[in-house]
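As provided, data_28.txt (compact mmCIF, C-alpha atoms) reads as follows.
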```
# COMPACT_ATOMS: atom_id res chain seq x y z
CA MET O 1 0.56 4.48 -2.61
CA SER O 2 -0.34 6.14 0.67
CA ILE O 3 -0.91 4.28 3.93
CA GLU O 4 -4.68 4.93 3.69
CA GLU O 5 -4.86 3.56 0.13
CA ALA O 6 -3.03 0.29 0.92
CA PRO O 7 -5.87 -1.43 2.84
CA VAL O 8 -8.32 -0.43 0.13
CA ALA O 9 -6.17 -1.92 -2.61
CA GLY O 10 -5.62 -5.12 -0.59
CA TRP O 11 -9.34 -5.41 -0.01
CA TYR O 12 -9.98 -5.09 -3.75
CA TRP O 13 -7.81 -8.11 -4.59
CA THR O 14 -9.67 -10.31 -2.10
CA ARG O 15 -13.17 -8.92 -2.69
CA TRP O 16 -15.81 -11.23 -4.12
CA PRO O 17 -17.98 -9.91 -6.95
CA SER O 18 -21.40 -8.48 -6.24
CA ARG O 19 -23.92 -11.08 -5.11
CA GLU O 20 -26.69 -9.05 -6.69
CA GLY O 21 -25.02 -9.31 -10.10
CA ILE O 22 -24.56 -13.09 -9.92
CA GLY O 23 -28.00 -13.91 -8.47
CA HIS O 24 -30.88 -15.03 -10.68
CA GLU O 25 -33.73 -13.62 -8.57
CA ASP O 26 -34.47 -10.66 -10.84
CA GLU O 27 -33.25 -12.26 -14.06
CA SER O 28 -35.60 -11.76 -17.00
CA ARG O 29 -37.24 -14.70 -18.72
CA PRO O 30 -35.45 -14.16 -22.09
CA ARG O 31 -32.10 -14.10 -20.28
CA ARG O 32 -32.90 -17.36 -18.52
CA VAL O 33 -33.97 -18.98 -21.78
CA LEU O 34 -30.75 -17.88 -23.49
CA SER O 35 -28.69 -19.14 -20.54
CA VAL O 36 -30.30 -22.59 -20.62
CA PHE O 37 -30.04 -22.73 -24.40
CA GLY O 38 -26.35 -21.80 -24.34
CA ARG O 39 -25.50 -24.41 -21.74
CA SER O 40 -27.43 -27.06 -23.67
CA VAL O 41 -25.52 -26.20 -26.86
CA LEU O 42 -22.19 -26.42 -25.01
CA LEU O 43 -23.13 -29.81 -23.57
CA VAL O 44 -24.07 -31.10 -27.03
CA VAL O 45 -20.84 -29.76 -28.56
CA VAL O 46 -18.70 -31.30 -25.82
CA GLY O 47 -20.55 -34.62 -26.02
CA TRP O 48 -20.25 -34.72 -29.80
CA GLY O 49 -16.56 -33.83 -29.67
CA THR O 50 -15.96 -36.52 -27.04
CA PHE O 51 -17.72 -39.45 -28.69
CA SER O 52 -17.26 -38.66 -32.40
CA GLY O 53 -14.38 -40.14 -34.34
CA GLY O 54 -14.80 -43.65 -32.94
CA ARG O 55 -12.24 -43.22 -30.18
CA TYR O 56 -14.15 -45.37 -27.73
CA THR O 57 -15.44 -48.89 -28.19
CA GLY O 58 -16.89 -51.41 -25.80
CA TRP O 59 -16.51 -50.66 -22.14
CA THR O 60 -14.54 -47.46 -22.82
CA VAL O 61 -17.77 -45.84 -24.05
CA ALA O 62 -19.33 -46.32 -20.62
CA ALA O 63 -16.17 -45.00 -18.96
CA ALA O 64 -16.19 -41.91 -21.19
CA ALA O 65 -19.89 -41.32 -20.47
CA ALA O 66 -19.24 -41.63 -16.71
CA GLY O 67 -16.36 -39.19 -17.00
CA LEU O 68 -18.54 -36.72 -18.91
CA ALA O 69 -21.29 -37.01 -16.26
CA ALA O 70 -18.73 -36.49 -13.48
CA ALA O 71 -17.38 -33.41 -15.25
CA VAL O 72 -20.90 -31.98 -15.60
CA ALA O 73 -21.59 -32.60 -11.90
CA LEU O 74 -18.27 -31.02 -10.93
CA CYS O 75 -19.02 -27.92 -13.05
CA THR O 76 -22.51 -27.63 -11.57
CA ALA O 77 -21.16 -27.82 -8.02
CA TYR O 78 -18.47 -25.26 -8.83
CA LEU O 79 -21.02 -22.80 -10.22
CA ARG O 80 -23.23 -23.24 -7.15
CA VAL O 81 -20.53 -22.73 -4.52
CA THR O 82 -19.03 -19.73 -6.33
CA ARG O 83 -22.49 -18.16 -6.44
CA GLU O 84 -22.73 -18.78 -2.69
CA GLN O 85 -19.17 -17.36 -2.36
CA ARG O 86 -17.74 -20.17 -0.25
CA PRO O 87 -13.94 -19.74 -0.55
CA ALA O 88 -12.48 -23.09 0.53
CA VAL O 89 -14.91 -25.26 -1.42
CA SER O 90 -14.66 -23.01 -4.48
CA TYR O 91 -10.86 -23.24 -4.62
CA LEU O 92 -10.97 -27.01 -4.02
CA LEU O 93 -13.44 -27.55 -6.87
CA ALA O 94 -11.38 -25.27 -9.14
CA ALA O 95 -8.36 -27.48 -8.49
CA GLY O 96 -10.52 -30.52 -9.20
CA LEU O 97 -11.57 -29.06 -12.56
CA VAL O 98 -7.94 -28.44 -13.52
CA GLY O 99 -7.11 -32.03 -12.63
CA GLY O 100 -10.24 -33.30 -14.36
CA GLY O 101 -9.09 -31.56 -17.53
CA TRP O 102 -5.81 -33.48 -17.41
CA LEU O 103 -7.66 -36.79 -16.88
CA ALA O 104 -9.95 -36.03 -19.83
CA ASP O 105 -6.96 -35.12 -22.00
CA ARG O 106 -5.16 -38.36 -21.09
CA GLY O 107 -8.36 -40.25 -21.89
CA LEU O 108 -8.42 -38.71 -25.38
CA ALA O 109 -11.43 -36.48 -24.55
CA HIS O 110 -9.61 -33.39 -25.79
CA THR O 111 -12.78 -31.35 -26.37
CA LEU O 112 -13.91 -31.97 -22.80
CA ALA O 113 -10.47 -31.04 -21.45
CA ASP O 114 -10.37 -27.81 -23.44
CA PHE O 115 -13.88 -26.94 -22.29
CA LEU O 116 -12.98 -27.52 -18.62
CA TRP O 117 -9.84 -25.37 -18.79
CA ILE O 118 -11.26 -22.51 -20.87
CA GLY O 119 -14.60 -22.54 -19.01
CA LEU O 120 -12.81 -22.51 -15.65
CA THR O 121 -10.72 -19.53 -16.77
CA VAL O 122 -13.76 -17.49 -17.76
CA THR O 123 -15.87 -18.36 -14.69
CA ALA O 124 -12.93 -17.76 -12.33
CA LEU O 125 -12.44 -14.27 -13.71
CA ILE O 126 -16.19 -13.66 -13.33
CA ARG O 127 -16.96 -15.16 -9.94
CA LEU O 128 -13.81 -15.35 -7.80
CA PRO O 129 -11.93 -12.52 -6.07
CA PRO O 130 -9.29 -11.00 -8.39
CA ALA O 131 -6.20 -12.54 -6.72
CA PRO O 132 -7.49 -16.16 -6.58
CA ALA O 133 -9.08 -15.70 -10.02
CA LEU O 134 -5.70 -14.88 -11.56
CA VAL O 135 -4.12 -17.94 -9.92
CA VAL O 136 -6.89 -20.26 -11.13
CA ALA O 137 -6.88 -18.73 -14.62
CA ALA O 138 -3.10 -19.10 -14.85
CA ALA O 139 -3.29 -22.78 -13.84
CA ALA O 140 -6.13 -23.50 -16.28
CA LEU O 141 -4.60 -21.63 -19.22
CA GLY O 142 -1.15 -23.09 -18.50
CA SER O 143 -2.66 -26.59 -18.62
CA TYR O 144 -4.42 -25.76 -21.87
CA MET O 145 -1.28 -24.44 -23.55
CA ALA O 146 0.78 -27.39 -22.30
CA ALA O 147 -1.68 -29.94 -23.71
CA SER O 148 -2.76 -28.11 -26.86
CA PRO O 149 -1.19 -29.21 -30.17
CA ALA O 150 -1.96 -25.82 -31.74
CA GLY O 151 0.74 -23.31 -32.52
CA TRP O 152 1.61 -20.30 -30.42
CA LEU O 153 -0.63 -18.01 -32.46
CA GLY O 154 -3.73 -20.14 -31.90
CA ASN O 155 -2.93 -20.56 -28.21
CA ALA O 156 -2.37 -16.82 -27.80
CA ALA O 157 -5.72 -16.07 -29.47
CA THR O 158 -7.52 -18.56 -27.24
CA VAL O 159 -5.86 -17.28 -24.07
CA GLY O 160 -6.44 -13.62 -24.96
CA GLY O 161 -10.06 -14.24 -25.96
CA SER O 162 -10.78 -16.16 -22.74
CA VAL O 163 -9.31 -13.44 -20.54
CA LEU O 164 -11.10 -10.70 -22.47
CA VAL O 165 -14.48 -12.45 -22.23
CA GLY O 166 -14.00 -13.14 -18.51
CA CYS O 167 -13.08 -9.52 -17.74
CA LEU O 168 -15.97 -8.11 -19.79
CA LEU O 169 -18.48 -10.41 -18.10
CA ARG O 170 -17.00 -9.47 -14.70
CA LEU O 171 -17.60 -5.79 -15.48
CA ASP O 172 -21.14 -6.61 -16.63
CA ILE O 173 -21.86 -8.43 -13.37
CA GLU O 174 -20.51 -5.56 -11.28
CA ALA O 175 -22.60 -3.06 -13.24
CA ARG O 176 -25.69 -5.22 -12.89
CA GLY O 177 -25.10 -5.61 -9.15
CA THR O 178 -24.71 -1.85 -8.73
CA ALA O 179 -27.93 -1.26 -10.67
CA ARG O 180 -29.81 -3.75 -8.51
CA ARG O 181 -28.49 -2.19 -5.30
CA LEU O 182 -29.51 1.25 -6.50
CA LEU O 183 -32.94 -0.09 -7.41
CA ALA O 184 -33.32 -1.64 -3.95
CA GLN O 185 -32.28 1.65 -2.33
CA GLU O 186 -34.75 3.55 -4.50
CA ARG O 187 -37.55 1.18 -3.53
CA ALA O 188 -36.64 1.56 0.14
CA ALA O 189 -36.65 5.34 -0.24
CA GLN O 190 -40.04 5.23 -1.95
CA ALA O 191 -41.41 3.04 0.83
CA ALA O 192 -40.07 5.46 3.45
CA GLN O 193 -41.54 8.38 1.53
CA ALA O 194 -44.91 6.64 1.33
CA GLU O 195 -44.80 5.93 5.06
CA SER O 196 -43.90 9.56 5.77
CA ALA O 197 -46.77 10.73 3.56
CA ALA O 198 -49.14 8.40 5.42
CA LEU O 199 -47.98 9.79 8.77
CA ALA O 200 -48.40 13.34 7.49
CA GLU O 201 -51.91 12.51 6.31
CA ARG O 202 -52.73 11.03 9.71
CA ALA O 203 -51.50 14.22 11.37
CA ARG O 204 -53.64 16.26 8.99
CA ILE O 205 -56.73 14.18 9.79
CA ALA O 206 -55.96 14.53 13.51
CA ARG O 207 -55.88 18.32 13.14
CA GLU O 208 -59.18 18.25 11.27
CA ILE O 209 -60.76 16.12 14.00
CA HIS O 210 -59.58 18.57 16.64
CA ASP O 211 -60.64 21.67 14.73
CA VAL O 212 -64.14 20.35 14.10
CA LEU O 213 -65.17 17.65 16.53
CA ALA O 214 -63.19 18.45 19.68
CA HIS O 215 -64.58 21.97 20.05
CA SER O 216 -68.12 21.11 18.97
CA LEU O 217 -68.47 18.03 21.18
CA SER O 218 -66.85 19.62 24.23
CA ALA O 219 -69.16 22.66 24.00
CA GLN O 220 -72.20 20.41 23.66
CA LEU O 221 -71.05 18.42 26.68
CA VAL O 222 -70.79 21.59 28.76
CA HIS O 223 -74.34 22.67 27.93
CA LEU O 224 -75.82 19.21 28.42
CA GLU O 225 -74.03 18.79 31.76
CA ALA O 226 -75.32 22.20 32.84
CA ALA O 227 -78.84 21.15 31.84
CA ARG O 228 -78.51 17.96 33.91
CA LEU O 229 -77.36 19.92 36.96
CA MET O 230 -80.27 22.32 36.52
CA LEU O 231 -82.70 19.40 36.38
CA ASP O 232 -81.25 17.98 39.58
CA ALA O 233 -81.51 21.39 41.25
CA GLY O 234 -85.07 22.01 40.05
CA THR O 235 -84.13 25.08 38.01
CA ASP O 236 -86.70 26.84 35.86
CA ARG O 237 -87.60 24.86 32.74
CA GLU O 238 -86.95 27.85 30.47
CA GLN O 239 -83.27 28.02 31.52
CA ILE O 240 -82.90 24.29 30.96
CA ARG O 241 -84.50 24.66 27.57
CA GLU O 242 -82.00 27.37 26.63
CA ARG O 243 -79.13 25.04 27.45
CA VAL O 244 -80.58 22.21 25.38
CA VAL O 245 -81.28 24.54 22.46
CA ALA O 246 -77.71 25.82 22.64
CA ALA O 247 -76.36 22.27 22.61
CA ARG O 248 -78.63 21.45 19.65
CA ARG O 249 -77.38 24.50 17.74
CA MET O 250 -73.77 23.53 18.40
CA ALA O 251 -74.49 20.00 17.20
CA GLN O 252 -75.92 21.40 13.97
CA ASP O 253 -72.92 23.70 13.52
CA GLY O 254 -70.59 20.79 14.24
CA LEU O 255 -72.34 18.66 11.61
CA VAL O 256 -71.93 21.41 9.02
CA GLU O 257 -68.26 21.84 9.94
CA THR O 258 -67.72 18.07 9.83
CA ARG O 259 -69.08 17.96 6.30
CA GLN O 260 -66.79 20.84 5.38
CA ALA O 261 -63.84 19.01 6.92
CA LEU O 262 -64.63 15.87 4.91
CA SER O 263 -64.82 17.96 1.78
CA ALA O 264 -61.46 19.48 2.67
CA LEU O 265 -59.91 16.04 3.13
CA ARG O 266 -61.20 15.11 -0.32
CA GLY O 267 -59.81 18.33 -1.74
CA GLU O 268 -63.29 19.79 -2.39
CA LEU O 269 -62.75 23.19 -0.81
CA THR O 270 -64.89 26.24 -1.45
CA PRO O 271 -62.82 29.36 -2.31
CA VAL O 272 -61.31 31.10 0.69
CA GLY O 273 -63.11 34.36 -0.10
CA GLU O 274 -66.54 32.73 -0.10
CA PHE O 275 -65.78 30.95 3.15
CA LEU O 276 -64.68 34.16 4.87
CA VAL O 277 -67.78 36.01 3.65
CA GLU O 278 -69.96 33.29 5.16
CA LEU O 279 -67.94 33.16 8.40
CA THR O 280 -67.88 36.92 9.01
CA GLY O 281 -71.55 37.18 8.15
CA ARG O 282 -72.38 34.54 10.73
CA GLU O 283 -70.12 36.12 13.35
CA ARG O 284 -71.12 39.71 12.45
CA ALA O 285 -67.53 40.73 11.82
CA ALA O 286 -66.07 43.11 9.24
CA LEU O 287 -64.23 41.60 6.25
CA THR O 288 -61.56 43.34 4.17
CA VAL O 289 -59.72 41.85 1.19
CA THR O 290 -56.62 43.57 -0.24
CA GLY O 291 -54.55 42.60 -3.23
CA THR O 292 -55.63 40.60 -6.27
CA PRO O 293 -57.56 37.47 -5.24
CA ARG O 294 -56.21 34.25 -6.70
CA PRO O 295 -56.71 30.52 -6.12
CA LEU O 296 -54.64 29.15 -3.25
CA ALA O 297 -53.06 25.76 -2.85
CA ALA O 298 -55.18 23.30 -0.87
CA GLU O 299 -52.97 23.30 2.25
CA ALA O 300 -52.59 27.10 2.31
CA ALA O 301 -56.34 27.58 1.80
CA LEU O 302 -57.10 25.12 4.59
CA ALA O 303 -54.69 26.89 6.97
CA VAL O 304 -56.42 30.24 6.29
CA ARG O 305 -59.88 28.74 6.79
CA ARG O 306 -59.02 26.97 10.05
CA THR O 307 -57.14 29.93 11.49
CA ALA O 308 -60.03 32.29 10.75
CA GLN O 309 -62.51 29.81 12.20
CA GLU O 310 -60.48 29.21 15.37
CA ALA O 311 -59.77 32.90 15.91
CA MET O 312 -63.43 33.89 15.57
CA THR O 313 -64.42 31.06 17.89
CA ASN O 314 -61.99 32.40 20.49
CA VAL O 315 -63.50 35.88 20.13
CA ARG O 316 -66.94 34.47 20.79
CA LYS O 317 -65.72 32.42 23.76
CA HIS O 318 -63.38 34.86 25.46
CA ALA O 319 -64.51 38.34 24.35
CA SER O 320 -68.27 38.16 24.06
CA GLY O 321 -69.68 41.45 22.81
CA ALA O 322 -66.43 42.63 21.22
CA ARG O 323 -66.38 43.60 17.55
CA GLY O 324 -64.25 41.43 15.32
CA SER O 325 -62.57 42.17 12.01
CA VAL O 326 -60.99 39.93 9.41
CA GLU O 327 -58.54 41.10 6.75
CA LEU O 328 -57.20 38.88 3.97
CA ARG O 329 -54.16 40.17 2.09
CA TYR O 330 -52.90 38.68 -1.18
CA LEU O 331 -49.15 39.40 -1.35
CA ASP O 332 -46.42 38.39 -3.79
CA GLY O 333 -45.70 34.76 -3.02
CA ALA O 334 -47.69 34.75 0.22
CA VAL O 335 -51.08 35.37 1.78
CA GLU O 336 -51.81 37.01 5.14
CA LEU O 337 -54.83 36.68 7.38
CA GLU O 338 -55.35 39.09 10.28
CA VAL O 339 -58.14 38.59 12.78
CA CYS O 340 -58.62 41.28 15.45
CA ASN O 341 -61.22 42.07 18.06
CA THR O 342 -61.83 45.26 20.00
CA ARG O 343 -61.79 45.65 23.75
CA PRO O 344 -64.68 43.71 25.34
CA PRO O 345 -67.49 45.69 26.97
CA ARG O 346 -66.80 47.30 30.35
CA GLY O 347 -66.34 44.86 33.18
CA GLN O 348 -64.82 42.18 30.93
CA SER O 349 -61.23 42.00 29.72
CA ALA O 350 -59.98 40.12 26.70
CA GLY O 351 -58.88 37.24 28.89
CA GLU O 352 -62.14 36.92 30.85
CA SER O 353 -65.03 34.79 29.76
CA PRO O 354 -68.71 35.69 29.93
CA SER O 355 -69.47 32.04 30.31
CA GLU O 356 -67.05 29.94 32.30
CA GLU O 357 -68.46 26.73 30.88
CA LEU O 358 -68.11 27.88 27.27
CA ALA O 359 -64.62 29.29 27.78
CA ALA O 360 -63.48 26.05 29.39
CA SER O 361 -64.90 23.93 26.58
CA GLY O 362 -61.78 24.20 24.42
CA SER O 363 -58.89 21.80 24.72
CA GLY O 364 -56.20 24.48 24.75
CA TYR O 365 -54.86 23.08 21.49
CA GLY O 366 -56.38 25.73 19.19
CA LEU O 367 -53.49 28.21 19.13
CA LEU O 368 -50.94 25.40 19.02
CA GLY O 369 -52.78 23.80 16.12
CA MET O 370 -52.88 27.08 14.16
CA ARG O 371 -49.15 27.65 14.70
CA GLU O 372 -48.40 24.06 13.70
CA ARG O 373 -50.33 24.47 10.44
CA ALA O 374 -48.37 27.62 9.61
CA GLU O 375 -44.96 26.12 10.39
CA LEU O 376 -45.66 23.00 8.35
CA LEU O 377 -46.20 25.26 5.33
CA GLY O 378 -43.12 27.37 6.03
CA GLY O 379 -45.16 30.27 7.41
CA THR O 380 -45.61 32.04 10.72
CA LEU O 381 -48.42 32.76 13.16
CA LEU O 382 -48.40 35.60 15.71
CA ALA O 383 -51.01 35.97 18.41
CA GLY O 384 -51.18 38.44 21.28
CA PRO O 385 -52.99 41.38 22.87
CA GLN O 386 -53.45 44.63 20.95
CA ASP O 387 -55.18 47.82 22.11
CA GLY O 388 -57.04 45.96 24.82
CA GLY O 389 -58.25 43.31 22.39
CA TRP O 390 -56.58 40.38 20.66
CA ARG O 391 -54.82 39.96 17.32
CA VAL O 392 -53.99 36.87 15.30
CA LEU O 393 -51.76 37.23 12.21
CA LEU O 394 -51.14 34.30 9.85
CA ARG O 395 -48.68 34.42 6.97
CA VAL O 396 -48.10 31.42 4.69
CA PRO O 397 -46.46 31.04 1.27
CA ALA O 398 -49.01 30.89 -1.53
```
Write out the structure in this file as C-alpha cells.
Amino acid sequence: MSIEEAPVAGWYWTRWPSREGIGHEDESRPRRVLSVFGRSVLLVVVGWGTFSGGRYTGWTVAAAAAGLAAAVALCTAYLRVTREQRPAVSYLLAAGLVGGGWLADRGLAHTLADFLWIGLTVTALIRLPPAPALVVAAAALGSYMAASPAGWLGNAATVGGSVLVGCLLRLDIEARGTARRLLAQERAAQAAQAESAALAERARIAREIHDVLAHSLSAQLVHLEAARLMLDAGTDREQIRERVVAARRMAQDGLVETRQALSALRGELTPVGEFLVELTGRERAALTVTGTPRPLAAEAALAVRRTAQEAMTNVRKHASGARGSVELRYLDGAVELEVCNTRPPRGQSAGESPSEELAASGSGYGLLGMRERAELLGGTLLAGPQDGGWRVLLRVPA
C-alpha cells in the first residue's frame, strides 16, 4: 500500500455509513409498514419464547416482563443513537446489550438473549463504522456461541447467516444513500438550471423592452420637449403641430412594435421574410433574398428581425436621405442578414445627423444589443463604414 492510500484505508475503517441511507425521511409507505410489521413480529416471537413453557411463576413473571421492557428500551435507544451517529453512546449501549444478553440468559430467557446478541451483530454491521462493528459483532457472536447449547454446525450457520445479512444490508444502505445523494444533486442542478433559464428570460425581456420602448419613448420625448420649447418661445403653430404629429406617429409605431414584441415573447412570430418585406416597404429600402427560404428557430428569427429593425432605424436617424438595402441569405447551417446604406446626400456624412434631437434620442445600446443577441446564439455581428455609407452584417446559426 502506498503512502497516499494509507490514510484512505484508515478512514474507511472508521467511517460511519451514509446518513441518507439510514434516514427515514424519504422512506416509502410500504417500506415503513413492512418495517413496523417485522418489528412487531419479532417482539411477539421474543415475548412468546420468553414466557412460554411455564418458566416463570409468581413474582418472577413481573421481573421477566420488566427485563423484557428494559431490553426493548435499550434496543430502541441503541437504534436511535446509531442513526444519529454518536460514537461514545453507541458503543456504551452496544456493551450494555451484550451484558443484557448474559443477564437474560442467566434468567432463563434464552430467546431474548439470542435475539439481543444476533440482533446486535446485524445492526452493528449495518450502522457502525467497520472497525467498531467487527469488535461488537465478535463480542456478540462470541457470547452467543458460548451460551448456545447447539452444536458447532448450528452455531456456524447462525454466525455465518448473521454476518451475511448484516453485510448485505450494509451494502443496501450505502447504495440507497448514494442514490439519495445523487437525487439531491440532480434536484439542485435542476433548480440552478431553472434559475439560469429565468435569468436568461429576464435578459431577453430586457432586450425587448430596449428595442421597442426605449427608442420609441425617447424619440417621443425629444419631439414633445421641442414642442414645449417652441410654445415658450412663441414659435409658429404649424412647426409645433409638426412636432406633435411626429410624436403621435412615433407613439403609434411604438404601439405596433410593442404588440409585435409581446407576440415574440409568446413565440407568435410572423415569418422573417414577411417581416422584412413590410419593414423595407415602410423604409423604402431594397430587399434581396438568396438561398432557399426555410423556417428559422425563434431566437434566430428574433435576432434577424431586431437587427434589421435597429439597422434601418439608424439609417433613418443618422443618414437621412440615403438609400438602404437589405439582403437575407439562407446558408447551410446559418443565416446572414446584411443591411447597407449609401453615402448620405452632399453636406451630410454617415456620422452626421439631419436632426440632432432625433439622433440623440437613442440610448447608445442598439449596436451593443445587436452584438449581444448574435453572441448569445453563437453568431457574429460586424458593423462599420463602407463606401461612404454604413454596413451591418449579422450571421447566426440556423
Neighbouring residues of Val159 of chain O were defined as those with any atom within 10 Å, considering all atoms listed in the file; residues of the same chain fewer than 2 positions away were excluded. Please report them as a PDB file with C-alpha atoms, keeping the file's coordinate frame.
```pdb
ATOM      1  CA  ILE O 118     -11.260 -22.510 -20.870  1.00  0.00           C
ATOM      2  CA  THR O 121     -10.720 -19.530 -16.770  1.00  0.00           C
ATOM      3  CA  ALA O 137      -6.880 -18.730 -14.620  1.00  0.00           C
ATOM      4  CA  ALA O 138      -3.100 -19.100 -14.850  1.00  0.00           C
ATOM      5  CA  ALA O 140      -6.130 -23.500 -16.280  1.00  0.00           C
ATOM      6  CA  LEU O 141      -4.600 -21.630 -19.220  1.00  0.00           C
ATOM      7  CA  GLY O 142      -1.150 -23.090 -18.500  1.00  0.00           C
ATOM      8  CA  TYR O 144      -4.420 -25.760 -21.870  1.00  0.00           C
ATOM      9  CA  MET O 145      -1.280 -24.440 -23.550  1.00  0.00           C
ATOM     10  CA  LEU O 153      -0.630 -18.010 -32.460  1.00  0.00           C
ATOM     11  CA  GLY O 154      -3.730 -20.140 -31.900  1.00  0.00           C
ATOM     12  CA  ASN O 155      -2.930 -20.560 -28.210  1.00  0.00           C
ATOM     13  CA  ALA O 156      -2.370 -16.820 -27.800  1.00  0.00           C
ATOM     14  CA  ALA O 157      -5.720 -16.070 -29.470  1.00  0.00           C
ATOM     15  CA  GLY O 161     -10.060 -14.240 -25.960  1.00  0.00           C
ATOM     16  CA  SER O 162     -10.780 -16.160 -22.740  1.00  0.00           C
ATOM     17  CA  VAL O 163      -9.310 -13.440 -20.540  1.00  0.00           C
ATOM     18  CA  LEU O 164     -11.100 -10.700 -22.470  1.00  0.00           C
TER      19      LEU O 164
END
```
May I ask for the distance between atom CA of Asp105 of chain O and atom CA of Ser148 of chain O, given in Å to one decimal place?
->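 The value is 9.5 Å.
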Which of these, O:Val61, O:Val256, O:Leu68, O:Ala139, has the shortest distance to Leu43 of chain O once you count all atoms listed in the file?
->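 Smallest distance to Leu43 of chain O is found for O:Leu68.
The spacing separating atom CA of Trp102 of chain O from atom CA of Ala150 of chain O amounts to 16.7 Å.
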Go through segment 105-187 of chain O residue by residue and, counting only C-alpha atoms, keep those with an atom at most 10 Å from segment 84-90 of chain O; for each kept residue give the shortest atom pair and its distance in Å to one decimal, ordered by chain and increasing number, as CSV.
```
residue,atom,partner,partner_atom,distance
O:Ala124,CA,O:Ser90,CA,9.6
O:Arg127,CA,O:Gln85,CA,8.2
O:Leu128,CA,O:Gln85,CA,7.9
O:Pro129,CA,O:Pro87,CA,9.3
O:Pro132,CA,O:Pro87,CA,9.5
```
If you measure from atom CA of Ala188 of chain O to atom CA of Pro17 of chain O, what distance in Å do you get, rounded to one decimal?
->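 Computing the Euclidean distance for atom CA of Ala188 of chain O and atom CA of Pro17 of chain O yields 23.0 Å.
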Nearest to Tyr91 of chain O among O:Val136, O:Ala146, O:Ala77, O:Ala109, with distances taken over all atoms listed in the file: which residue is it?
-> O:Val136
Just need the box for segment 157-176 of chain O, edges along x, y and z, holding every atom the file lists for it with 6 Å tacked onto each side, so centre and edge lengths in Å to one decimal, as JSON.
```
{"center_x": -15.7, "center_y": -10.8, "center_z": -20.4, "size_x": 32.0, "size_y": 27.5, "size_z": 30.2}
```
Point (-7.9, -10.6, -1.9) neighbourhood (12 Å, all atoms listed in the file) written as a list in words =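 Residues close enough to count: Pro7, Val8, Ala9, Gly10, Trp11, Tyr12, Trp13, Thr14, Arg15, Trp16, Pro17, Pro87, Leu128, Pro129, Pro130, Ala131, Pro132, Ala133, Leu134 and Val135 of chain O.
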Would you mind exporting the chosen residues as an mmCIF file, in the coordinates of the input, restricted to C-alpha atoms?
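The resulting file, result-v7.cif, is reproduced below:
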```cif
data_model
loop_
_atom_site.group_PDB
_atom_site.id
_atom_site.type_symbol
_atom_site.label_atom_id
_atom_site.label_comp_id
_atom_site.auth_asym_id
_atom_site.auth_seq_id
_atom_site.Cartn_x
_atom_site.Cartn_y
_atom_site.Cartn_z
ATOM 1 C CA PRO O 7 -5.870 -1.430 2.840
ATOM 2 C CA VAL O 8 -8.320 -0.430 0.130
ATOM 3 C CA ALA O 9 -6.170 -1.920 -2.610
ATOM 4 C CA GLY O 10 -5.620 -5.120 -0.590
ATOM 5 C CA TRP O 11 -9.340 -5.410 -0.010
ATOM 6 C CA TYR O 12 -9.980 -5.090 -3.750
ATOM 7 C CA TRP O 13 -7.810 -8.110 -4.590
ATOM 8 C CA THR O 14 -9.670 -10.310 -2.100
ATOM 9 C CA ARG O 15 -13.170 -8.920 -2.690
ATOM 10 C CA TRP O 16 -15.810 -11.230 -4.120
ATOM 11 C CA PRO O 17 -17.980 -9.910 -6.950
ATOM 12 C CA PRO O 87 -13.940 -19.740 -0.550
ATOM 13 C CA LEU O 128 -13.810 -15.350 -7.800
ATOM 14 C CA PRO O 129 -11.930 -12.520 -6.070
ATOM 15 C CA PRO O 130 -9.290 -11.000 -8.390
ATOM 16 C CA ALA O 131 -6.200 -12.540 -6.720
ATOM 17 C CA PRO O 132 -7.490 -16.160 -6.580
ATOM 18 C CA ALA O 133 -9.080 -15.700 -10.020
ATOM 19 C CA LEU O 134 -5.700 -14.880 -11.560
ATOM 20 C CA VAL O 135 -4.120 -17.940 -9.920
#
```
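Among the candidate residues O:Leu296, O:Val222, O:Val165, O:Leu217, the one lying nearest to Leu255 of chain O is O:Leu217, with distances computed using all atoms listed in the file.
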Using all atoms listed in the file, which residue out of O:Arg343, O:Arg241, O:Arg323, O:Arg391 lies closest to Thr307 of chain O?
-> O:Arg391
Using all atoms listed in the file, which of O:Phe275, O:Tyr330, O:Phe51, O:Trp390 sits nearest Leu112 of chain O?
->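 Comparing O:Phe275, O:Tyr330, O:Phe51, O:Trp390 against Leu112 of chain O, the winner is O:Phe51.
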If you count all atoms listed in the file, which residues fall within 12 Å of Leu279 of chain O, apart from same-chain ones fewer than 5 positions away, as number ranges by chain?
-> O: 253, 257, 272-274, 284-287, 305-313, 324-326
Tell me which of O:Val315, O:Ala383, O:Ala227, O:Leu169 sits closest to Arg371 of chain O, counting all atoms listed in the file.
->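 Among O:Val315, O:Ala383, O:Ala227, O:Leu169, it is O:Ala383 that comes nearest to Arg371 of chain O.
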